[in-house]
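Engineer: I'm passing along input-v2.txt; it holds compact mmCIF, C-alpha atoms.
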```txt
# COMPACT_ATOMS: atom_id res chain seq x y z
CA MET A 42 23.58 1.86 22.99
CA SER A 43 19.87 1.16 23.52
CA ASN A 44 17.20 2.00 20.98
CA LEU A 45 15.99 4.84 23.21
CA GLU A 46 19.47 6.31 23.52
CA GLU A 47 19.88 6.13 19.75
CA LEU A 48 16.57 7.93 19.20
CA ILE A 49 17.47 10.67 21.68
CA GLU A 50 20.92 11.06 20.12
CA LYS A 51 19.36 11.28 16.68
CA LEU A 52 16.24 13.36 17.33
CA CYS A 53 16.91 15.54 20.38
CA PRO A 54 20.61 15.50 21.30
CA ASP A 55 20.49 19.03 22.69
CA GLY A 56 17.46 18.46 24.94
CA VAL A 57 13.72 18.68 24.56
CA GLU A 58 11.31 21.57 24.67
CA TYR A 59 9.17 22.05 27.78
CA LYS A 60 5.59 23.19 27.14
CA GLU A 61 2.65 24.10 29.31
CA LEU A 62 -0.07 21.46 29.36
CA LYS A 63 -2.55 23.87 27.76
CA ASN A 64 -0.34 24.02 24.66
CA ILE A 65 -0.27 20.26 24.02
CA ILE A 66 -3.93 19.38 24.60
CA LYS A 67 -7.18 20.06 22.77
CA SER A 68 -9.28 20.46 25.90
CA LEU A 69 -9.51 19.92 29.65
CA ASN A 70 -13.02 19.19 30.86
CA THR A 71 -14.68 17.67 33.90
CA GLY A 72 -17.80 15.65 34.66
CA LEU A 73 -20.93 16.64 36.50
CA ASN A 74 -22.08 16.25 40.10
CA PRO A 75 -25.71 15.27 40.77
CA ARG A 76 -26.87 18.31 42.76
CA LYS A 77 -30.10 19.43 41.08
CA PHE A 78 -29.27 17.89 37.70
CA PHE A 79 -29.85 14.16 38.35
CA LYS A 80 -29.95 11.46 41.01
CA LEU A 81 -27.70 8.48 41.53
CA ASN A 82 -28.84 4.86 41.62
CA THR A 83 -32.39 5.36 40.44
CA GLU A 84 -34.42 2.34 39.32
CA ASP A 85 -33.58 2.99 35.67
CA ALA A 86 -29.87 3.66 36.33
CA LYS A 87 -27.85 1.21 34.24
CA ASN A 88 -24.74 3.28 33.47
CA TYR A 89 -21.67 3.72 35.66
CA TYR A 90 -20.75 6.96 37.43
CA VAL A 91 -16.97 7.07 37.73
CA THR A 92 -15.24 8.66 40.73
CA ILE A 93 -11.69 8.40 42.07
CA ARG A 94 -12.57 4.96 43.50
CA GLU A 95 -12.86 3.52 39.99
CA ILE A 96 -9.43 4.80 38.83
CA ARG A 97 -7.07 1.89 39.48
CA GLY A 98 -3.85 0.78 37.84
CA ASN A 99 -4.14 3.20 34.90
CA LYS A 100 -7.62 1.87 34.09
CA ILE A 101 -11.27 2.42 34.96
CA VAL A 102 -12.45 -0.52 37.07
CA PHE A 103 -16.14 -0.88 37.91
CA SER A 104 -17.34 -2.74 41.01
CA ASP A 105 -20.57 -3.55 42.83
CA SER A 106 -20.14 -0.33 44.84
CA THR A 107 -19.83 1.87 41.74
CA ASP A 108 -22.74 4.31 41.58
CA ARG A 109 -25.14 4.17 38.63
CA ILE A 110 -26.85 6.84 36.53
CA ASN A 111 -29.65 6.66 33.96
CA ASP A 112 -29.40 7.55 30.27
CA ASP A 113 -30.48 11.18 30.75
CA ALA A 114 -27.83 11.73 33.43
CA LEU A 115 -25.22 10.04 31.22
CA LYS A 116 -26.02 12.47 28.43
CA LEU A 117 -25.75 15.47 30.77
CA CYS A 118 -22.36 14.29 32.05
CA ASN A 119 -21.03 13.67 28.56
CA ASN A 120 -22.17 17.10 27.35
CA ARG A 121 -19.74 18.53 29.87
CA SER A 122 -16.88 15.99 29.77
CA ASN A 123 -16.96 15.02 26.06
CA LEU A 124 -15.16 11.76 26.82
CA GLU A 125 -13.47 9.86 23.98
CA ALA A 126 -11.01 7.02 23.58
CA GLY A 127 -7.49 8.37 24.04
CA ASP A 128 -8.48 10.84 26.77
CA ILE A 129 -6.73 10.73 30.12
CA LEU A 130 -8.59 10.93 33.41
CA PHE A 131 -6.89 12.89 36.19
CA SER A 132 -8.30 13.25 39.71
CA GLY A 133 -8.30 16.96 40.53
CA THR A 134 -9.89 16.76 44.01
CA GLY A 135 -9.36 14.59 47.06
CA THR A 136 -6.53 12.20 46.20
CA ILE A 137 -4.97 14.33 43.50
CA GLY A 138 -3.11 12.84 40.55
CA MET A 139 -4.81 9.47 40.07
CA THR A 140 -4.71 8.75 36.33
CA ALA A 141 -6.25 6.39 33.82
CA LEU A 142 -6.24 6.09 30.04
CA ILE A 143 -9.55 5.64 28.22
CA ASP A 144 -8.64 2.90 25.74
CA GLU A 145 -12.06 2.45 24.14
CA GLU A 146 -15.13 4.61 23.56
CA PRO A 147 -17.02 5.11 26.85
CA ILE A 148 -20.52 3.95 25.98
CA ASN A 149 -22.09 3.23 29.36
CA TRP A 150 -20.21 5.43 31.83
CA ASN A 151 -19.08 8.97 32.58
CA ILE A 152 -17.28 10.95 35.25
CA LYS A 153 -18.08 13.13 38.24
CA GLU A 154 -17.04 16.72 38.72
CA GLY A 155 -13.47 16.84 40.01
CA VAL A 156 -12.30 14.08 37.69
CA TYR A 157 -10.66 15.87 34.77
CA ALA A 158 -10.72 14.61 31.19
CA ILE A 159 -7.57 15.60 29.31
CA LYS A 160 -7.72 15.37 25.51
CA PRO A 161 -4.16 15.37 24.10
CA CYS A 162 -3.12 16.74 20.72
CA SER A 163 -2.12 13.42 19.15
CA ASP A 164 0.30 15.08 16.71
CA ILE A 165 2.28 16.53 19.62
CA ILE A 166 2.02 14.09 22.47
CA ASP A 167 1.16 10.41 22.83
CA SER A 168 -1.77 9.82 25.22
CA LYS A 169 -0.02 7.13 27.21
CA PHE A 170 3.22 9.10 27.38
CA LEU A 171 1.27 12.01 28.85
CA MET A 172 -0.37 9.68 31.37
CA TYR A 173 3.02 8.36 32.51
CA MET A 174 4.34 11.91 32.61
CA LEU A 175 1.51 13.00 34.90
CA GLN A 176 2.43 10.12 37.25
CA SER A 177 6.08 11.16 37.53
CA ASN A 178 7.42 12.63 40.75
CA GLU A 179 8.43 15.78 38.90
CA ILE A 180 4.86 16.57 37.82
CA LYS A 181 3.36 15.42 41.13
CA THR A 182 5.64 17.92 42.88
CA GLU A 183 4.44 20.67 40.56
CA CYS A 184 0.84 19.74 41.30
CA LEU A 185 1.44 19.90 45.05
CA LYS A 186 2.65 23.49 44.70
CA ARG A 187 -0.72 24.45 43.21
CA ILE A 188 -3.08 22.63 45.58
CA PHE A 189 -5.63 24.64 47.55
CA GLY A 190 -8.48 23.90 49.97
CA GLY A 191 -9.02 22.76 53.54
CA THR A 192 -10.42 19.30 54.26
CA VAL A 193 -10.83 18.47 50.57
CA LYS A 194 -7.77 19.44 48.54
CA SER A 195 -8.04 20.45 44.88
CA ILE A 196 -6.05 21.66 41.92
CA SER A 197 -7.88 23.95 39.54
CA MET A 198 -8.02 23.20 35.83
CA LYS A 199 -6.32 26.53 35.17
CA ASP A 200 -3.39 25.67 37.45
CA LEU A 201 -3.11 22.16 36.01
CA MET A 202 -2.92 23.58 32.48
CA SER A 203 -0.05 25.87 33.52
CA ILE A 204 2.26 22.99 34.46
CA LYS A 205 5.19 22.58 32.10
CA LEU A 206 6.13 19.14 30.78
CA PRO A 207 8.97 17.88 28.58
CA VAL A 208 7.77 17.07 25.06
CA PRO A 209 10.30 14.92 23.20
CA PRO A 210 9.68 13.79 19.61
CA LEU A 211 6.85 11.28 19.20
CA GLU A 212 9.25 8.46 18.32
CA VAL A 213 11.04 8.98 21.64
CA GLN A 214 7.73 9.17 23.50
CA ARG A 215 6.52 5.88 22.01
CA GLU A 216 9.74 4.07 22.82
CA ILE A 217 9.48 5.24 26.43
CA VAL A 218 5.85 4.08 26.50
CA ARG A 219 6.94 0.66 25.21
CA ILE A 220 9.53 0.34 27.98
CA LEU A 221 7.17 1.50 30.72
CA ASP A 222 4.37 -0.73 29.45
CA ASN A 223 6.69 -3.72 29.86
CA PHE A 224 7.60 -2.60 33.38
CA THR A 225 3.92 -2.08 34.19
CA PHE A 226 2.97 -5.49 32.86
CA LEU A 227 5.63 -7.26 34.90
CA THR A 228 4.71 -5.31 38.05
CA ALA A 229 0.99 -6.00 37.56
CA GLU A 230 1.71 -9.67 36.94
CA LEU A 231 3.57 -9.89 40.23
CA ALA A 232 0.88 -7.85 42.01
CA ALA A 233 -1.73 -10.38 40.86
CA GLU A 234 0.25 -13.23 42.41
CA PRO A 235 -0.91 -12.64 46.02
CA ALA A 236 -4.55 -12.86 44.94
CA ALA A 237 -3.82 -16.15 43.17
CA ARG A 238 -1.91 -17.44 46.19
CA GLN A 239 -4.71 -16.28 48.49
CA GLN A 240 -7.24 -18.21 46.41
CA GLN A 241 -4.98 -21.26 46.52
CA TYR A 242 -4.60 -20.87 50.28
CA GLU A 243 -8.36 -20.55 50.81
CA TYR A 244 -8.99 -23.53 48.53
CA TYR A 245 -6.66 -25.80 50.54
CA ARG A 246 -7.84 -24.34 53.86
CA ASP A 247 -11.47 -25.10 53.03
CA LEU A 248 -10.57 -28.51 51.62
CA LEU A 249 -8.49 -29.49 54.62
CA LEU A 250 -11.11 -28.29 57.09
CA THR A 251 -14.14 -29.82 55.38
CA PHE A 252 -14.57 -33.35 56.61
CA LYS A 253 -16.76 -36.30 55.77
CA PRO A 254 -18.80 -37.59 58.70
CA ASN A 255 -16.42 -40.39 59.68
CA GLU A 256 -13.04 -39.49 58.27
CA SER A 257 -10.55 -36.68 57.83
CA THR A 258 -8.09 -35.86 55.08
CA ILE A 259 -4.58 -34.48 55.09
CA LEU A 260 -2.44 -32.99 52.35
CA ASN A 261 0.61 -35.02 51.30
CA GLU A 262 3.08 -32.20 50.71
CA ARG A 263 5.32 -34.40 48.59
CA THR A 264 2.63 -35.41 46.09
CA ASN A 265 0.29 -32.44 46.71
CA GLU A 266 -2.59 -34.90 47.04
CA LEU A 267 -5.15 -35.42 49.79
CA GLU A 268 -5.02 -38.66 51.76
CA LEU A 269 -7.60 -40.29 54.05
CA ASN A 270 -6.73 -40.19 57.72
CA ALA A 271 -8.19 -41.05 61.10
CA PRO A 272 -11.86 -40.63 62.02
CA VAL A 273 -13.04 -37.16 63.03
CA ARG A 274 -15.34 -36.11 65.86
CA TRP A 275 -17.85 -33.29 65.51
CA MET A 276 -17.97 -31.19 68.67
CA LYS A 277 -19.36 -27.93 69.97
CA LEU A 278 -16.76 -25.24 70.58
CA GLY A 279 -18.03 -24.91 74.14
CA ASP A 280 -17.12 -28.56 74.75
CA ILE A 281 -13.53 -28.30 73.55
CA ALA A 282 -12.53 -24.92 75.00
CA ASP A 283 -13.44 -22.45 77.71
CA ILE A 284 -14.83 -19.42 75.89
CA LYS A 285 -14.40 -16.42 78.14
CA ARG A 286 -15.18 -12.76 77.73
CA GLY A 287 -12.29 -10.34 78.12
CA ILE A 288 -11.98 -7.66 80.79
CA ARG A 289 -13.27 -4.16 80.15
CA VAL A 290 -10.84 -1.29 79.71
CA VAL A 291 -11.35 2.42 79.11
CA LYS A 292 -9.30 4.45 76.68
CA LYS A 293 -7.62 6.54 79.36
CA GLN A 294 -6.07 3.35 80.72
CA LEU A 295 -4.30 2.69 77.42
CA ILE A 296 -0.89 3.83 76.27
CA THR A 297 0.22 4.47 72.70
CA GLU A 298 3.26 2.24 73.03
CA GLY A 299 3.58 -0.80 75.22
CA LYS A 300 4.46 -4.44 75.40
CA TYR A 301 1.00 -5.95 74.94
CA PRO A 302 -1.66 -5.00 72.35
CA VAL A 303 -5.25 -4.51 73.52
CA TYR A 304 -8.10 -5.89 71.38
CA GLN A 305 -11.65 -4.70 71.85
CA ASN A 306 -14.18 -4.42 68.99
CA SER A 307 -11.83 -4.76 66.04
CA LEU A 308 -8.94 -6.91 64.80
CA GLU A 309 -6.73 -3.80 65.05
CA PRO A 310 -5.30 -3.01 68.50
CA MET A 311 -7.12 -0.14 70.23
CA GLY A 312 -3.96 0.63 72.21
CA TYR A 313 -1.40 -1.05 74.47
CA PHE A 314 -0.95 -2.16 78.07
CA ASN A 315 2.09 -3.14 80.08
CA LYS A 316 0.16 -6.18 81.30
CA TYR A 317 -1.79 -8.98 79.65
CA ASN A 318 -4.69 -11.32 80.34
CA CYS A 319 -4.23 -13.78 77.43
CA GLU A 320 -1.37 -16.07 76.63
CA ALA A 321 0.26 -16.17 73.21
CA GLU A 322 -1.19 -18.45 70.52
CA THR A 323 -4.80 -17.66 71.41
CA THR A 324 -7.84 -17.42 69.15
CA TYR A 325 -10.48 -14.76 69.79
CA VAL A 326 -13.78 -13.65 68.24
CA ILE A 327 -15.09 -10.09 68.25
CA SER A 328 -18.57 -9.98 69.83
CA ALA A 329 -19.48 -6.30 69.30
CA GLY A 330 -18.65 -3.72 66.66
CA ALA A 331 -16.86 -5.85 64.06
CA ALA A 332 -18.90 -8.76 65.43
CA GLY A 333 -18.05 -12.14 63.93
CA GLU A 334 -14.49 -11.25 62.95
CA ILE A 335 -11.95 -13.89 63.97
CA GLY A 336 -8.48 -13.15 65.25
CA PHE A 337 -5.40 -15.00 66.43
CA CYS A 338 -2.52 -13.46 68.36
CA ASN A 339 0.85 -15.18 68.47
CA LYS A 340 2.02 -13.12 71.44
CA LYS A 341 0.57 -12.25 74.82
CA PHE A 342 -2.20 -9.63 74.69
CA TRP A 343 -5.03 -8.00 76.60
CA ALA A 344 -8.57 -9.01 75.57
CA ALA A 345 -11.21 -6.40 76.41
CA ASP A 346 -14.86 -7.22 77.08
CA ASP A 347 -15.90 -7.32 73.41
CA CYS A 348 -13.52 -10.23 72.81
CA LEU A 349 -14.44 -13.87 73.28
CA ILE A 350 -11.24 -15.79 73.94
CA PHE A 351 -10.58 -19.53 73.65
CA THR A 352 -8.63 -20.94 76.59
CA ASP A 353 -8.03 -24.31 78.25
CA THR A 354 -8.55 -26.20 75.02
CA LYS A 355 -9.09 -29.93 75.49
CA ASN A 356 -6.74 -31.85 73.18
CA VAL A 357 -7.32 -29.27 70.45
CA ASN A 358 -4.72 -27.01 68.85
CA ASN A 359 -5.79 -23.40 69.47
CA LYS A 360 -4.83 -22.30 65.98
CA PHE A 361 -6.75 -25.20 64.49
CA ILE A 362 -9.81 -23.60 66.12
CA TYR A 363 -8.86 -20.31 64.43
CA TYR A 364 -8.62 -21.86 60.96
CA SER A 365 -11.82 -23.87 61.53
CA LEU A 366 -13.66 -20.68 62.45
CA LEU A 367 -12.43 -18.89 59.32
CA VAL A 368 -14.07 -21.59 57.21
CA ARG A 369 -17.33 -21.14 59.16
CA LYS A 370 -17.21 -17.36 59.46
CA ASN A 371 -20.41 -17.03 57.42
CA ILE A 372 -22.28 -18.90 60.18
CA LEU A 373 -21.08 -16.42 62.80
CA LEU A 374 -21.93 -13.42 60.61
CA ALA A 375 -25.41 -14.82 59.94
CA ASN A 376 -26.04 -14.80 63.71
CA VAL A 377 -24.86 -11.23 64.34
CA ARG A 378 -27.71 -9.12 65.72
CA LYS A 379 -28.03 -6.05 63.54
CA ALA A 380 -28.36 -2.91 65.64
CA SER A 381 -26.60 0.42 66.11
CA ILE A 382 -23.75 -1.74 67.48
CA PRO A 383 -23.80 -5.23 65.89
CA ARG A 384 -23.47 -7.98 68.48
CA LEU A 385 -22.71 -11.70 68.53
CA SER A 386 -23.86 -13.85 71.44
CA ARG A 387 -21.34 -16.07 73.23
CA ILE A 388 -23.98 -18.83 73.18
CA VAL A 389 -23.88 -18.85 69.37
CA VAL A 390 -20.11 -19.32 69.44
CA GLU A 391 -20.25 -22.02 72.13
CA ASN A 392 -22.84 -24.00 70.15
CA LEU A 393 -20.98 -23.83 66.85
CA ILE A 394 -19.95 -27.35 65.82
CA ILE A 395 -16.56 -27.99 64.22
CA PRO A 396 -14.83 -31.22 63.14
CA VAL A 397 -12.01 -32.35 65.42
CA PRO A 398 -9.53 -34.85 63.94
CA SER A 399 -6.61 -36.24 65.87
CA LEU A 400 -4.17 -33.76 67.39
CA GLU A 401 -1.47 -34.94 64.96
CA VAL A 402 -3.70 -34.15 61.97
CA GLN A 403 -4.63 -30.78 63.47
CA GLN A 404 -0.96 -29.85 63.85
CA ARG A 405 -0.13 -30.90 60.29
CA ILE A 406 -3.03 -28.87 58.90
CA VAL A 407 -2.01 -25.82 60.94
CA GLY A 408 1.58 -26.15 59.72
CA ILE A 409 0.50 -26.26 56.06
CA LEU A 410 -1.86 -23.28 56.39
CA ASP A 411 0.70 -21.27 58.37
CA ARG A 412 3.16 -21.61 55.50
CA PHE A 413 0.54 -20.49 52.99
CA ASP A 414 -0.36 -17.54 55.21
CA THR A 415 3.28 -16.47 55.55
CA LEU A 416 3.82 -16.65 51.82
CA CYS A 417 0.74 -14.51 51.17
CA ASN A 418 1.02 -11.94 53.94
CA ASP A 419 4.47 -11.72 55.52
CA ILE A 420 5.54 -8.15 54.71
CA SER A 421 9.20 -8.83 55.50
CA SER A 422 9.82 -12.01 53.52
CA GLY A 423 6.78 -12.86 51.42
CA LEU A 424 5.32 -11.61 48.18
CA PRO A 425 4.24 -8.18 49.53
CA ALA A 426 7.89 -7.27 50.16
CA GLU A 427 8.84 -8.32 46.64
CA ILE A 428 5.95 -6.32 45.16
CA GLU A 429 6.96 -3.23 47.11
CA ALA A 430 10.56 -3.56 45.90
CA ARG A 431 9.41 -4.03 42.29
CA GLN A 432 7.13 -0.97 42.54
CA LYS A 433 9.99 1.17 43.83
CA GLN A 434 12.20 -0.10 41.00
CA TYR A 435 9.50 0.76 38.46
CA GLU A 436 9.05 4.28 39.87
CA TYR A 437 12.81 4.85 39.83
CA TYR A 438 13.16 3.90 36.16
CA ARG A 439 9.95 5.69 35.20
CA ASP A 440 11.21 8.97 36.65
CA LYS A 441 14.63 8.43 35.10
CA LEU A 442 13.13 7.80 31.67
CA LEU A 443 10.89 10.86 31.98
CA THR A 444 13.64 13.27 33.00
CA PHE A 445 15.00 15.30 30.10
CA LYS A 446 17.48 18.07 29.57
CA GLU A 447 15.56 21.19 28.59
CA PHE A 448 16.33 22.57 25.13
CA LYS A 449 17.36 26.21 25.32
CA LYS A 450 16.64 28.27 22.22
CA GLU A 451 19.34 30.66 21.21
CA ALA A 452 18.48 34.31 21.75
```
Show how you would write the structure in this file as C-alpha cells.
Structural biologist:
Amino acid sequence: MSNLEELIEKLCPDGVEYKELKNIIKSLNTGLNPRKFFKLNTEDAKNYYVTIREIRGNKIVFSDSTDRINDDALKLCNNRSNLEAGDILFSGTGTIGMTALIDEEPINWNIKEGVYAIKPCSDIIDSKFLMYMLQSNEIKTECLKRIFGGTVKSISMKDLMSIKLPVPPLEVQREIVRILDNFTFLTAELAAEPAARQQQYEYYRDLLLTFKPNESTILNERTNELELNAPVRWMKLGDIADIKRGIRVVKKQLITEGKYPVYQNSLEPMGYFNKYNCEAETTYVISAGAAGEIGFCNKKFWAADDCLIFTDTKNVNNKFIYYSLLVRKNILLANVRKASIPRLSRIVVENLIIPVPSLEVQQRIVGILDRFDTLCNDISSGLPAEIEARQKQYEYYRDKLLTFKEFKKEA
C-alpha cells in the first residue's frame, strides 16, 4: 500500500467533504485595467503588468513583451488585488483556467483585471493542492458550465466561488502535491529537452555552415569533432541556381484539400491545388508578407508569385542552400523593405553570397542537420511525440489523484 493510500485509509476512509470555493478561501480579488486610472509603458514604468500571457507552467514568467507600469500604477493595482505569496492566480477571462502559484512576495509586479487572485485559508487547504485542483478536468468542466460572454468569454468571481471542490485532510493534500510536483518536474524536464536540442542543432548548423576563406569543415559523427576538408568556393546564389518567382493564384482557385500545397506569403500553405509548378526537395524564400522567411518542401508544391524558388542548381544540393540561408537569414531580414506589406527584392537574394564546398561535403552536412531536425521536430517519432504522451500520462494521474469519494453526513 502506498503512503497516500495509507493516509486516505487512516484519515478519510469514508470519503472527503466537498466545499464551495468561497468557504475555503480568505478572499478572491482581481487586478486593475488601465482605463482612466493609469497608462502602460510610460517612461518611468519599471514594474511588470501581468496578463494571461505571463501565466505559464504554474508560474509567472516575464518577457520582453510584458507590459510595464510605474510605481503609482503598481500601488493602485495592489490596493485592489492584495497579492501575497501563497496566492493563486486564475485567468477568469479569455483563456479561462490558466493558473499560477505566487511563491514569493510580488514586489515589482501586479495583475490586470480578469486575472483573479485567490487567497486560500491555509488551515483548510494547501495553496498548491488548490492550484492542482483548479487544473483538474472535473473543475474545468464546472467552470465551463458557468462561462458567459460573446467574443471574450468570462467566468464571474461569484460563479467561481460557488464551485465545489473536494477537501481532504491537509496531510493527504500535501502527499498528493508531493506526487504531482514530481510528475510536473519530470514533465518539465522533458519539455525543456527540445529547446536544448534546438540550441545544439543551431550550434552545429552554424558551425558546419561557417567556413574559413579557403577550407571547409565536416563533423566526424564517430568522434563528434570537426575535421578540415576540401577548399570552399564563395558564390552568389544567382550563380549557382535559377531563382524564379512563382505563378500568381487567387483564392477562389484554391481547394481546401488537394494533392499539392500552395505557398504564397507565408510558410503555411494558403490552400491546395491538384497541380504543381515546383518539384519536391525545393528551397523557397518568401518575398512579400512574411518577407525573408525561408522554406523547404520535400514534396511537389505550387509556388505563388510571392515565392522565390531555387531551381536548376549547378552542382549544389538544394537543401544545402536552405540550411545556408537559415544561417544568413538576418541578412535577408535586414534588406526587407518596411511598408504596409514588407517586401524582399529578388536581386538581394540573387546577390547573397554563400560558401559552396564539394557536393560530397554538402550532402554530409545536410544528412547531419536533417537528423537533428527530425529529432527536434518530428511529431510522430521525435521528442514532441514523447512530450505529448508524457503530458497525457500526467493529466491522467493528476485527475485520478484528485478524484475523491464524497463523504455523506448522516441525517
Engineer: Between A:Leu175, A:Ile188, A:Val91, A:Ile166, which is the closest to A:Val213 once you count all atoms listed in the file?
Structural biologist: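 That would be A:Ile166, the residue with the smallest distance to A:Val213.
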Engineer: Can you work out the spacing between atom CA of A:Ile372 and atom CA of A:Thr352 in Å, to one decimal?
Structural biologist: 21.4 Å
Engineer: Which is closest to A:Leu385 among A:Ile165, A:Ile327, A:Ala430, A:Leu443, if we use only C-alpha atoms?
Structural biologist: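 Closest candidate: A:Ile327.
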Engineer: Work out how far atom CA of A:Leu410 is from atom CA of A:Val273, in Å to one decimal.
Structural biologist: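 Result for atom CA of A:Val273 versus atom CA of A:Leu410: 19.0 Å, one decimal.
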Engineer: So, counting all atoms listed in the file, which residue among A:Ile428, A:Leu442, A:Ala126, A:Leu249 is closest to A:Gly408?
Structural biologist: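 Ranking A:Ile428, A:Leu442, A:Ala126, A:Leu249 by distance to A:Gly408, first place goes to A:Leu249.
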Engineer: Calculated over all atoms listed in the file, which of the candidates A:Phe314, A:Tyr437, A:Trp275, A:Phe189 has the smallest distance to A:Ile395?
Structural biologist: A:Trp275
Engineer: Tell me, as a ChimeraX atom specification, which residues lie within 12 Å of A:Asn120, counting only C-alpha atoms; anything in the same chain fewer than 4 positions away does not count.
Structural biologist: /A:70-73,113-116,124-125,151-152
Engineer: Find the spatial neighbours of A:Arg76, counting all atoms listed in the file, within a cut-off of 12 Å - ignore same-chain residues fewer than 5 positions away - and output them as a VMD selection string.
Structural biologist: chain A and resid 81 114 153 to 154
Engineer: Counting all atoms listed in the file, which residues come within 8 Å of (-5.9, 2.4, 32.0), with the point read in the file's coordinates, and could you list them as JSON, numbers by chain?
Structural biologist: {"A": [97, 98, 99, 100, 101, 140, 141, 142, 143, 144]}
Engineer: Between atom CA of A:Arg274 and atom CA of A:Val389, what is the distance in Å, rounded to a tenth?
Structural biologist: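 Distance reported for this atom pair: 19.6 Å.
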Engineer: For A:Tyr59, please output as a PDB file with C-alpha atoms, in the coordinates of the input all residues within 10 Å (counting only C-alpha atoms; exclusion window: fewer than 4 positions along the same chain).
Structural biologist:
```pdb
ATOM      1  CA  ILE A 204       2.260  22.990  34.460  1.00  0.00           C
ATOM      2  CA  LYS A 205       5.190  22.580  32.100  1.00  0.00           C
ATOM      3  CA  LEU A 206       6.130  19.140  30.780  1.00  0.00           C
ATOM      4  CA  PRO A 207       8.970  17.880  28.580  1.00  0.00           C
ATOM      5  CA  VAL A 208       7.770  17.070  25.060  1.00  0.00           C
ATOM      6  CA  PRO A 209      10.300  14.920  23.200  1.00  0.00           C
ATOM      7  CA  PHE A 445      15.000  15.300  30.100  1.00  0.00           C
ATOM      8  CA  LYS A 446      17.480  18.070  29.570  1.00  0.00           C
ATOM      9  CA  GLU A 447      15.560  21.190  28.590  1.00  0.00           C
ATOM     10  CA  PHE A 448      16.330  22.570  25.130  1.00  0.00           C
ATOM     11  CA  LYS A 449      17.360  26.210  25.320  1.00  0.00           C
TER      12      LYS A 449
END
```
Engineer: Around the point (1.2, 1.2, 71.0) (coordinates from the file), which residues reach within 10 Å if we count only C-alpha atoms? Answer as a ChimeraX atom specification.
Structural biologist: /A:295-303,310-314
Engineer: Report as a Markdown table the residues of stretch 136-185 of chain A within 12 Å of stretch 199-202 of chain A, each with its shortest atom pair and distance in Å (one decimal), using all atoms listed in the file, ordered by chain and increasing residue number.
Structural biologist:
```
| residue | atom | partner | partner_atom | distance |
| --- | --- | --- | --- | --- |
| A:Ile137 | CA | A:Leu201 | CA | 11.0 |
| A:Gly138 | CA | A:Leu201 | CA | 10.4 |
| A:Tyr157 | CA | A:Leu201 | CA | 9.9 |
| A:Ala158 | CA | A:Leu201 | CA | 11.8 |
| A:Ile159 | CA | A:Met202 | CA | 9.8 |
| A:Lys160 | CA | A:Met202 | CA | 11.8 |
| A:Pro161 | CA | A:Met202 | CA | 11.8 |
| A:Leu175 | CA | A:Leu201 | CA | 10.3 |
| A:Ile180 | CA | A:Leu201 | CA | 9.9 |
| A:Lys181 | CA | A:Leu201 | CA | 10.7 |
| A:Thr182 | CA | A:Leu201 | CA | 11.9 |
| A:Glu183 | CA | A:Leu201 | CA | 8.9 |
| A:Cys184 | CA | A:Leu201 | CA | 7.0 |
| A:Leu185 | CA | A:Leu201 | CA | 10.4 |
```
